[in-house]
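> Dropping in query-v6.cif, with mmCIF, C-alpha atoms.
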```
data_data
loop_
_atom_site.label_atom_id
_atom_site.label_comp_id
_atom_site.auth_asym_id
_atom_site.auth_seq_id
_atom_site.Cartn_x
_atom_site.Cartn_y
_atom_site.Cartn_z
CA MET A 711 35.69 -43.37 27.80
CA SER A 712 35.66 -46.13 25.21
CA SER A 713 32.74 -48.52 25.34
CA PHE A 714 33.45 -51.86 26.92
CA LYS A 715 32.42 -54.81 24.78
CA PRO A 716 33.02 -57.89 26.89
CA LYS A 717 33.50 -61.28 25.34
CA LEU A 718 31.42 -62.87 28.07
CA GLY A 719 28.46 -60.57 27.46
CA ASP A 720 25.97 -63.02 25.97
CA GLY A 721 24.34 -63.97 29.25
CA SER A 722 26.16 -67.16 30.11
CA ILE A 723 28.10 -67.28 33.37
CA ILE A 724 31.50 -68.81 34.07
CA LEU A 725 32.14 -67.91 37.70
CA PRO A 726 30.22 -69.98 40.27
CA GLN A 727 27.45 -67.84 41.76
CA ALA A 728 27.41 -69.87 44.96
CA ARG A 729 31.03 -69.00 45.67
CA VAL A 730 30.46 -65.33 44.84
CA LYS A 731 27.50 -65.36 47.24
CA MET A 732 29.72 -66.78 49.99
CA ILE A 733 32.21 -63.97 49.52
CA MET A 734 29.43 -61.38 49.52
CA LYS A 735 27.97 -62.78 52.73
CA SER A 736 31.34 -62.42 54.44
CA SER A 737 31.02 -58.67 54.02
CA PRO A 738 29.83 -57.04 57.26
CA ASP A 739 26.21 -55.86 57.53
CA THR A 740 25.18 -57.80 54.44
CA GLU A 741 21.78 -59.38 54.97
CA SER A 742 19.99 -60.56 51.86
CA ILE A 743 20.99 -60.52 48.24
CA SER A 744 18.43 -60.71 45.45
CA THR A 745 19.00 -63.13 42.57
CA ASP A 746 19.55 -60.41 40.01
CA ALA A 747 21.97 -58.63 42.36
CA LEU A 748 23.99 -61.84 42.65
CA TYR A 749 23.88 -62.29 38.89
CA PHE A 750 25.12 -58.72 38.32
CA VAL A 751 27.95 -59.03 40.83
CA THR A 752 29.08 -62.33 39.31
CA LYS A 753 28.96 -60.95 35.79
CA ALA A 754 30.61 -57.68 36.83
CA THR A 755 33.47 -59.66 38.38
CA GLU A 756 33.98 -61.52 35.10
CA PHE A 757 33.98 -58.17 33.27
CA PHE A 758 36.42 -56.81 35.86
CA VAL A 759 38.93 -59.60 35.27
CA GLU A 760 38.63 -59.14 31.52
CA HIS A 761 39.01 -55.37 31.81
CA LEU A 762 41.95 -55.58 34.25
CA VAL A 763 43.83 -58.04 32.10
CA GLN A 764 43.32 -55.96 28.97
CA GLU A 765 44.52 -52.83 30.77
CA ILE A 766 47.71 -54.59 31.85
CA TYR A 767 48.25 -55.89 28.35
CA GLU A 768 47.86 -52.43 26.81
CA SER A 769 49.98 -50.69 29.45
CA THR A 770 52.95 -53.03 28.87
CA GLY A 771 52.85 -52.26 25.16
CA LYS A 772 51.14 -55.57 24.29
CA SER A 773 54.00 -57.61 25.71
CA ASN A 774 53.65 -61.37 25.46
CA GLU A 775 54.55 -61.72 29.11
CA LEU A 776 51.96 -60.64 31.63
CA THR A 777 53.66 -60.47 35.02
CA TYR A 778 52.88 -59.47 38.58
CA LYS A 779 54.83 -56.26 37.99
CA GLY A 780 52.54 -55.29 35.13
CA LEU A 781 49.56 -55.82 37.41
CA ALA A 782 51.09 -53.89 40.33
CA ASP A 783 52.00 -50.98 38.08
CA ILE A 784 48.50 -50.58 36.68
CA VAL A 785 46.91 -50.91 40.12
CA GLN A 786 49.12 -48.17 41.54
CA LYS A 787 48.59 -45.88 38.55
CA SER A 788 44.93 -46.35 37.68
CA ASP A 789 42.27 -44.37 39.59
CA SER A 790 39.54 -46.99 39.30
CA MET A 791 41.84 -49.62 40.82
CA HIS A 792 42.53 -47.68 44.01
CA PHE A 793 40.65 -50.23 46.11
CA LEU A 794 43.37 -52.75 45.22
CA LYS A 795 46.33 -50.56 46.18
CA ASP A 796 47.03 -52.33 49.46
CA MET A 797 46.43 -55.76 47.99
CA VAL A 798 48.76 -55.55 45.02
CA PRO A 799 51.76 -53.56 46.22
CA ARG A 800 54.78 -52.90 44.12
CA LYS A 801 57.61 -55.15 45.10
CA ILE A 802 60.73 -53.61 46.50
CA THR A 803 64.07 -55.03 47.53
CA TYR A 804 64.94 -55.36 51.19
CA LYS A 805 67.52 -52.59 50.73
CA GLU A 806 64.86 -50.21 49.44
CA TYR A 807 62.66 -51.19 52.40
CA GLN A 808 65.42 -50.33 54.85
CA GLU A 809 65.87 -46.95 53.22
CA ILE A 810 62.16 -46.23 53.48
CA LEU A 811 62.24 -47.13 57.17
CA LYS A 812 65.19 -44.82 57.70
CA GLU A 813 63.41 -41.96 56.01
CA LYS A 814 60.34 -42.53 58.12
CA GLU A 815 62.39 -42.51 61.31
CA ASN A 816 64.02 -39.25 60.28
CA SER A 817 60.72 -37.57 59.52
CA ASP A 818 59.26 -38.82 62.81
CA LEU A 819 62.06 -37.16 64.71
CA PHE A 820 60.92 -33.78 63.45
CA MET B 567 29.67 -73.85 58.98
CA ALA B 568 33.19 -72.50 59.35
CA GLU B 569 34.53 -70.66 56.34
CA ARG B 570 37.80 -72.05 55.12
CA PRO B 571 40.15 -69.49 53.55
CA GLU B 572 39.94 -71.07 50.12
CA ASP B 573 36.15 -70.72 50.15
CA LEU B 574 36.46 -66.95 50.13
CA ASN B 575 38.46 -67.12 46.94
CA LEU B 576 37.24 -67.66 43.44
CA PRO B 577 38.34 -70.92 41.79
CA ASN B 578 41.76 -70.31 40.21
CA SER B 579 41.08 -72.50 37.20
CA ILE B 580 38.00 -70.54 36.20
CA VAL B 581 39.71 -67.17 36.68
CA ALA B 582 42.61 -68.50 34.60
CA ARG B 583 40.18 -69.31 31.82
CA ILE B 584 38.69 -65.81 31.84
CA ILE B 585 42.21 -64.35 31.74
CA LYS B 586 43.17 -66.56 28.83
CA ASP B 587 40.00 -65.75 26.87
CA SER B 588 40.55 -62.02 27.41
CA LEU B 589 43.96 -62.01 25.74
CA PRO B 590 45.13 -62.81 22.23
CA GLU B 591 46.78 -66.17 21.73
CA GLY B 592 50.39 -66.61 22.71
CA VAL B 593 50.39 -64.27 25.70
CA ASN B 594 51.93 -65.89 28.77
CA VAL B 595 50.58 -65.02 32.18
CA SER B 596 52.81 -65.81 35.16
CA LYS B 597 51.34 -67.94 37.92
CA GLU B 598 52.03 -65.14 40.36
CA ALA B 599 50.02 -62.70 38.24
CA ARG B 600 47.16 -65.20 37.91
CA THR B 601 46.95 -65.71 41.65
CA ALA B 602 47.06 -61.97 42.28
CA ILE B 603 44.34 -61.33 39.69
CA ALA B 604 42.12 -64.00 41.29
CA LYS B 605 42.55 -62.34 44.68
CA ALA B 606 41.87 -58.93 43.13
CA ALA B 607 38.62 -60.34 41.75
CA SER B 608 37.58 -61.47 45.25
CA VAL B 609 38.35 -58.01 46.60
CA PHE B 610 36.27 -56.58 43.78
CA VAL B 611 33.32 -58.69 44.93
CA LEU B 612 33.70 -57.38 48.48
CA TYR B 613 34.07 -53.78 47.36
CA CYS B 614 31.02 -54.16 45.12
CA THR B 615 29.01 -55.71 47.95
CA SER B 616 29.94 -52.91 50.29
CA CYS B 617 28.96 -50.18 47.83
CA SER B 618 25.71 -51.94 46.85
CA ASN B 619 24.84 -52.48 50.49
CA ASN B 620 25.37 -48.79 51.22
CA LEU B 621 22.89 -47.88 48.51
CA ALA B 622 20.35 -50.39 49.82
CA MET B 623 20.74 -49.17 53.41
CA ARG B 624 20.33 -45.55 52.33
CA ALA B 625 16.99 -46.54 50.79
CA ASN B 626 16.08 -48.41 53.99
CA ARG B 627 16.07 -51.76 52.25
CA LYS B 628 17.49 -54.95 53.72
CA ILE B 629 17.77 -56.78 50.43
CA ILE B 630 20.44 -55.73 47.96
CA SER B 631 18.72 -55.37 44.60
CA GLY B 632 20.03 -55.46 41.04
CA GLN B 633 19.57 -51.69 40.83
CA ASP B 634 21.81 -51.26 43.86
CA VAL B 635 24.58 -53.16 42.12
CA LEU B 636 24.23 -51.06 38.97
CA GLY B 637 24.33 -47.92 41.09
CA ALA B 638 27.42 -49.26 42.83
CA MET B 639 29.12 -49.68 39.45
CA ALA B 640 28.72 -45.94 38.91
CA ASP B 641 30.08 -45.19 42.40
CA MET B 642 33.05 -47.48 41.82
CA GLU B 643 33.85 -45.73 38.52
CA PHE B 644 32.91 -48.79 36.47
CA GLU B 645 30.03 -47.21 34.52
CA ARG B 646 31.36 -48.98 31.46
CA PHE B 647 29.98 -52.21 32.92
CA ILE B 648 26.38 -51.02 33.33
CA GLU B 649 25.15 -51.45 29.77
CA PRO B 650 26.91 -54.77 29.20
CA LEU B 651 25.44 -56.02 32.49
CA GLN B 652 21.90 -55.16 31.44
CA ALA B 653 22.41 -56.66 27.99
CA SER B 654 23.87 -59.72 29.61
CA LEU B 655 20.84 -60.16 31.85
CA GLU B 656 18.55 -60.02 28.83
CA GLY B 657 20.74 -62.59 27.13
CA MET B 658 20.60 -64.82 30.18
CA LEU B 659 16.81 -64.55 30.42
CA PHE B 660 16.58 -65.43 26.76
CA LEU B 661 18.73 -68.50 27.26
CA TYR B 662 16.76 -69.36 30.39
CA ASN B 663 13.40 -68.95 28.64
CA ASP B 664 14.63 -71.13 25.86
CA LYS B 665 15.55 -73.75 28.41
CA ILE B 666 12.21 -73.40 30.18
CA LEU B 667 10.33 -73.85 26.90
CA HIS B 668 12.44 -76.86 26.08
CA ASN B 669 11.88 -78.37 29.52
CA PHE B 670 8.16 -77.61 29.36
CA ALA B 671 7.78 -79.28 25.95
CA PHE B 672 9.65 -82.29 27.29
CA LEU B 673 7.39 -82.52 30.34
CA VAL B 674 4.26 -82.35 28.19
CA TYR B 675 5.63 -85.10 25.98
CA LYS B 676 6.35 -87.26 29.02
CA LYS B 677 2.86 -86.68 30.38
CA VAL B 678 1.20 -87.62 27.10
CA GLN B 679 3.28 -90.79 26.93
CA LYS B 680 2.35 -91.70 30.50
CA GLU B 681 -1.34 -91.18 29.87
CA ARG B 682 -1.23 -93.34 26.77
CA LYS B 683 0.49 -96.11 28.67
CA GLU B 684 -2.07 -95.90 31.43
CA ALA B 685 -4.95 -96.00 28.95
CA VAL B 686 -3.51 -99.06 27.25
CA ALA B 687 -2.95 -100.75 30.60
CA LYS B 688 -6.49 -99.93 31.70
CA ARG B 689 -8.04 -101.43 28.57
CA LYS B 690 -6.00 -104.56 29.04
CA GLN B 691 -7.12 -104.77 32.65
CA GLU B 692 -10.79 -104.39 31.69
CA LYS B 693 -10.51 -107.12 29.09
CA SER B 694 -8.90 -109.56 31.51
CA ASP B 695 -11.45 -108.65 34.23
CA LYS B 696 -14.42 -109.46 31.98
CA LYS B 697 -13.35 -112.96 30.93
CA PRO B 698 -13.40 -114.80 34.32
CA GLU B 699 -16.77 -113.14 35.25
CA ASP B 700 -18.44 -114.36 32.05
CA ILE B 701 -17.32 -117.87 32.84
CA GLU B 702 -18.72 -117.67 36.43
CA GLU B 703 -22.17 -116.43 35.40
CA ALA B 704 -22.52 -119.06 32.72
CA SER B 705 -21.73 -122.00 35.04
CA ASP B 706 -23.38 -121.02 38.40
CA GLU B 707 -26.55 -118.91 38.12
CA GLY B 708 -27.19 -119.04 34.42
CA GLY B 709 -30.99 -118.67 34.32
CA GLU B 710 -31.44 -115.85 36.86
CA ASN B 711 -28.66 -113.81 35.39
CA GLU B 712 -30.07 -114.08 31.95
CA LYS B 713 -33.33 -112.69 33.22
CA GLU B 714 -31.59 -109.79 34.93
CA ASN B 715 -29.75 -109.10 31.79
CA GLU B 716 -32.98 -108.98 29.85
CA ASP B 717 -34.39 -106.46 32.27
CA GLU B 718 -31.30 -104.35 31.93
CA ASP B 719 -31.57 -104.50 28.21
CA GLY B 720 -35.16 -103.42 28.42
CA ASP B 721 -34.23 -100.38 30.48
CA GLU B 722 -31.50 -99.45 28.14
CA SER B 723 -33.65 -99.53 25.05
CA SER B 724 -36.23 -97.19 26.52
#
```
Please, can you express the file's structure as structure tokens?

Amino acid sequence: MSSFKPKLGDGSIILPQARVKMIMKSSPDTESISTDALYFVTKATEFFVEHLVQEIYESTGKSNELTYKGLADIVQKSDSMHFLKDMVPRKITYKEYQEILKEKENSDLF
Amino acid sequence: MAERPEDLNLPNSIVARIIKDSLPEGVNVSKEARTAIAKAASVFVLYCTSCSNNLAMRANRKIISGQDVLGAMADMEFERFIEPLQASLEGMLFLYNDKILHNFAFLVYKKVQKERKEAVAKRKQEKSDKKPEDIEEASDEGGENEKENEDEDGDESS
């Protein structure tokens, strides 16, 4: 596992902590969040975006076009991104969707 | 306060900046990808909160601590973030201390200035207070006051 050297690692913050806190509070059973916990979550999210973007870039062979498809591919393939699987699905055509439905119906019959 | 949907999302412009800074120049990112990445970041926050909260609850704590978040990173298979997070916190404290020192020095400076102004104002006030009194004593009860003054002087010298 290569070491991760983030560009935003000097201590400054870009994402608004107040907004991050709001999102955290919307999570069920969350009561109180300490200041350093909030700081870590905010920073980790910045690192996550940086890491995700770099993974996409590498996986598409350093293409100059970063598209939704590149993102969807890496989410479906990468183990650490499994929590995003439902959120970033691969796009399929309506025809492909119909075929999937058909297959499902057939398997349900048995 | 009702939560509007956009409040549970991170600001797109800021996420766009992080994306841009994470890539070499000249790489185009589609708007669709940017929006999806911003949403993914929000989901990351939720996932992180959930994992951290689990750790806190297991330790019978109601407050999610920094250690819980670091532990969650390991659980989420993002150990690579742990060291940079700790280093980042030190960096932030350093910046913050710097700011505190700067603010403190500024406050001390302001206080010293204020005290000087007050001292100057007080001396002025004392000077202007004396003058009318001298005039009164001289014109009204000249003799008696002079005697009193002599007595005072006598006390002072002994």
> What residues in chain A have any atom no more than 8 Å from chain B when counting only C-alpha atoms, and can you write them as a ChimeraX atom specification?
/A:711,713-717,719-722,724-725,729-730,732-734,737,739-760,763-764,767,773-778,781,790,793-794,797-798
> Write out the residues from the selection above, keeping C-alpha atoms, as an mmCIF file, keeping the file's coordinate frame.

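Result written to again-v2.cif:
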```cif
data_model
loop_
_atom_site.group_PDB
_atom_site.id
_atom_site.type_symbol
_atom_site.label_atom_id
_atom_site.label_comp_id
_atom_site.auth_asym_id
_atom_site.auth_seq_id
_atom_site.Cartn_x
_atom_site.Cartn_y
_atom_site.Cartn_z
ATOM 1 C CA MET A 711 35.690 -43.370 27.800
ATOM 2 C CA SER A 713 32.740 -48.520 25.340
ATOM 3 C CA PHE A 714 33.450 -51.860 26.920
ATOM 4 C CA LYS A 715 32.420 -54.810 24.780
ATOM 5 C CA PRO A 716 33.020 -57.890 26.890
ATOM 6 C CA LYS A 717 33.500 -61.280 25.340
ATOM 7 C CA GLY A 719 28.460 -60.570 27.460
ATOM 8 C CA ASP A 720 25.970 -63.020 25.970
ATOM 9 C CA GLY A 721 24.340 -63.970 29.250
ATOM 10 C CA SER A 722 26.160 -67.160 30.110
ATOM 11 C CA ILE A 724 31.500 -68.810 34.070
ATOM 12 C CA LEU A 725 32.140 -67.910 37.700
ATOM 13 C CA ARG A 729 31.030 -69.000 45.670
ATOM 14 C CA VAL A 730 30.460 -65.330 44.840
ATOM 15 C CA MET A 732 29.720 -66.780 49.990
ATOM 16 C CA ILE A 733 32.210 -63.970 49.520
ATOM 17 C CA MET A 734 29.430 -61.380 49.520
ATOM 18 C CA SER A 737 31.020 -58.670 54.020
ATOM 19 C CA ASP A 739 26.210 -55.860 57.530
ATOM 20 C CA THR A 740 25.180 -57.800 54.440
ATOM 21 C CA GLU A 741 21.780 -59.380 54.970
ATOM 22 C CA SER A 742 19.990 -60.560 51.860
ATOM 23 C CA ILE A 743 20.990 -60.520 48.240
ATOM 24 C CA SER A 744 18.430 -60.710 45.450
ATOM 25 C CA THR A 745 19.000 -63.130 42.570
ATOM 26 C CA ASP A 746 19.550 -60.410 40.010
ATOM 27 C CA ALA A 747 21.970 -58.630 42.360
ATOM 28 C CA LEU A 748 23.990 -61.840 42.650
ATOM 29 C CA TYR A 749 23.880 -62.290 38.890
ATOM 30 C CA PHE A 750 25.120 -58.720 38.320
ATOM 31 C CA VAL A 751 27.950 -59.030 40.830
ATOM 32 C CA THR A 752 29.080 -62.330 39.310
ATOM 33 C CA LYS A 753 28.960 -60.950 35.790
ATOM 34 C CA ALA A 754 30.610 -57.680 36.830
ATOM 35 C CA THR A 755 33.470 -59.660 38.380
ATOM 36 C CA GLU A 756 33.980 -61.520 35.100
ATOM 37 C CA PHE A 757 33.980 -58.170 33.270
ATOM 38 C CA PHE A 758 36.420 -56.810 35.860
ATOM 39 C CA VAL A 759 38.930 -59.600 35.270
ATOM 40 C CA GLU A 760 38.630 -59.140 31.520
ATOM 41 C CA VAL A 763 43.830 -58.040 32.100
ATOM 42 C CA GLN A 764 43.320 -55.960 28.970
ATOM 43 C CA TYR A 767 48.250 -55.890 28.350
ATOM 44 C CA SER A 773 54.000 -57.610 25.710
ATOM 45 C CA ASN A 774 53.650 -61.370 25.460
ATOM 46 C CA GLU A 775 54.550 -61.720 29.110
ATOM 47 C CA LEU A 776 51.960 -60.640 31.630
ATOM 48 C CA THR A 777 53.660 -60.470 35.020
ATOM 49 C CA TYR A 778 52.880 -59.470 38.580
ATOM 50 C CA LEU A 781 49.560 -55.820 37.410
ATOM 51 C CA SER A 790 39.540 -46.990 39.300
ATOM 52 C CA PHE A 793 40.650 -50.230 46.110
ATOM 53 C CA LEU A 794 43.370 -52.750 45.220
ATOM 54 C CA MET A 797 46.430 -55.760 47.990
ATOM 55 C CA VAL A 798 48.760 -55.550 45.020
#
```
> Arg800 (chain A): which residues within 12 Å, counting only C-alpha atoms, same-chain residues fewer than 6 positions away excluded, as a PDB file with C-alpha atoms, in the coordinates of the input?

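That gives us result_9.pdb:
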```
ATOM      1  CA  THR A 777      53.660 -60.470  35.020  1.00  0.00           C
ATOM      2  CA  TYR A 778      52.880 -59.470  38.580  1.00  0.00           C
ATOM      3  CA  LYS A 779      54.830 -56.260  37.990  1.00  0.00           C
ATOM      4  CA  GLY A 780      52.540 -55.290  35.130  1.00  0.00           C
ATOM      5  CA  LEU A 781      49.560 -55.820  37.410  1.00  0.00           C
ATOM      6  CA  ALA A 782      51.090 -53.890  40.330  1.00  0.00           C
ATOM      7  CA  ASP A 783      52.000 -50.980  38.080  1.00  0.00           C
ATOM      8  CA  ILE A 784      48.500 -50.580  36.680  1.00  0.00           C
ATOM      9  CA  VAL A 785      46.910 -50.910  40.120  1.00  0.00           C
ATOM     10  CA  GLN A 786      49.120 -48.170  41.540  1.00  0.00           C
ATOM     11  CA  LYS A 787      48.590 -45.880  38.550  1.00  0.00           C
ATOM     12  CA  LEU A 794      43.370 -52.750  45.220  1.00  0.00           C
ATOM     13  CA  GLU A 806      64.860 -50.210  49.440  1.00  0.00           C
ATOM     14  CA  TYR A 807      62.660 -51.190  52.400  1.00  0.00           C
TER      15      TYR A 807
END
```
> What is the distance, in Å and to one decimal place, between CA of Lys805 (chain A) and CA of Asp789 (chain A)?
28.8 Å
> How far is it from CA of Lys812 (chain A) to CA of Ser788 (chain A), in Å with one decimal?
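So the two atoms, CA of Lys812 (chain A) and CA of Ser788 (chain A), lie 28.5 Å apart.
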> Can you measure CA of Lys795 (chain A) to CA of Leu762 (chain A) for me? One decimal in Å is fine.
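Between these atoms lies a distance of 13.7 Å.
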> Could you write out as lines of an AutoDock Vina configuration file the box around region 596-602 of chain B (axis-aligned, all atoms listed in the file, 4 Å on each side), with centre and edge lengths in Å to one decimal?

```
center_x = 49.9
center_y = -65.0
center_z = 38.7
size_x = 13.9
size_y = 14.0
size_z = 15.1
```
> Can you take the partial region 647-658 of chain B, add N, CA, C and O atoms, and return it as a compact mmCIF listing (two decimals), keeping the file's coordinate frame?

```txt
# COMPACT_ATOMS: atom_id res chain seq x y z
N PHE B 647 30.54 -50.87 32.76
CA PHE B 647 29.98 -52.21 32.92
C PHE B 647 28.46 -52.21 32.88
O PHE B 647 27.83 -53.26 32.68
N ILE B 648 27.83 -51.04 33.11
CA ILE B 648 26.38 -51.02 33.33
C ILE B 648 25.60 -51.54 32.13
O ILE B 648 24.78 -52.46 32.27
N GLU B 649 25.87 -50.98 30.96
CA GLU B 649 25.15 -51.45 29.77
C GLU B 649 25.40 -52.92 29.46
O GLU B 649 24.45 -53.68 29.25
N PRO B 650 26.67 -53.35 29.44
CA PRO B 650 26.91 -54.77 29.20
C PRO B 650 26.23 -55.68 30.22
O PRO B 650 25.79 -56.78 29.89
N LEU B 651 26.11 -55.21 31.48
CA LEU B 651 25.44 -56.02 32.49
C LEU B 651 23.96 -56.19 32.15
O LEU B 651 23.41 -57.29 32.26
N GLN B 652 23.32 -55.08 31.76
CA GLN B 652 21.90 -55.16 31.44
C GLN B 652 21.67 -56.03 30.21
O GLN B 652 20.76 -56.86 30.19
N ALA B 653 22.52 -55.84 29.21
CA ALA B 653 22.41 -56.66 27.99
C ALA B 653 22.62 -58.12 28.32
O ALA B 653 21.94 -59.01 27.80
N SER B 654 23.55 -58.36 29.22
CA SER B 654 23.87 -59.72 29.61
C SER B 654 22.69 -60.39 30.30
O SER B 654 22.40 -61.57 30.09
N LEU B 655 21.99 -59.62 31.14
CA LEU B 655 20.84 -60.16 31.85
C LEU B 655 19.76 -60.55 30.86
O LEU B 655 19.15 -61.62 30.97
N GLU B 656 19.54 -59.68 29.86
CA GLU B 656 18.55 -60.02 28.83
C GLU B 656 18.93 -61.29 28.10
O GLU B 656 18.10 -62.14 27.83
N GLY B 657 20.23 -61.41 27.81
CA GLY B 657 20.74 -62.59 27.13
C GLY B 657 20.52 -63.83 27.97
O GLY B 657 20.12 -64.88 27.48
N MET B 658 20.75 -63.71 29.27
CA MET B 658 20.60 -64.82 30.18
C MET B 658 19.15 -65.24 30.26
O MET B 658 18.83 -66.43 30.25
```
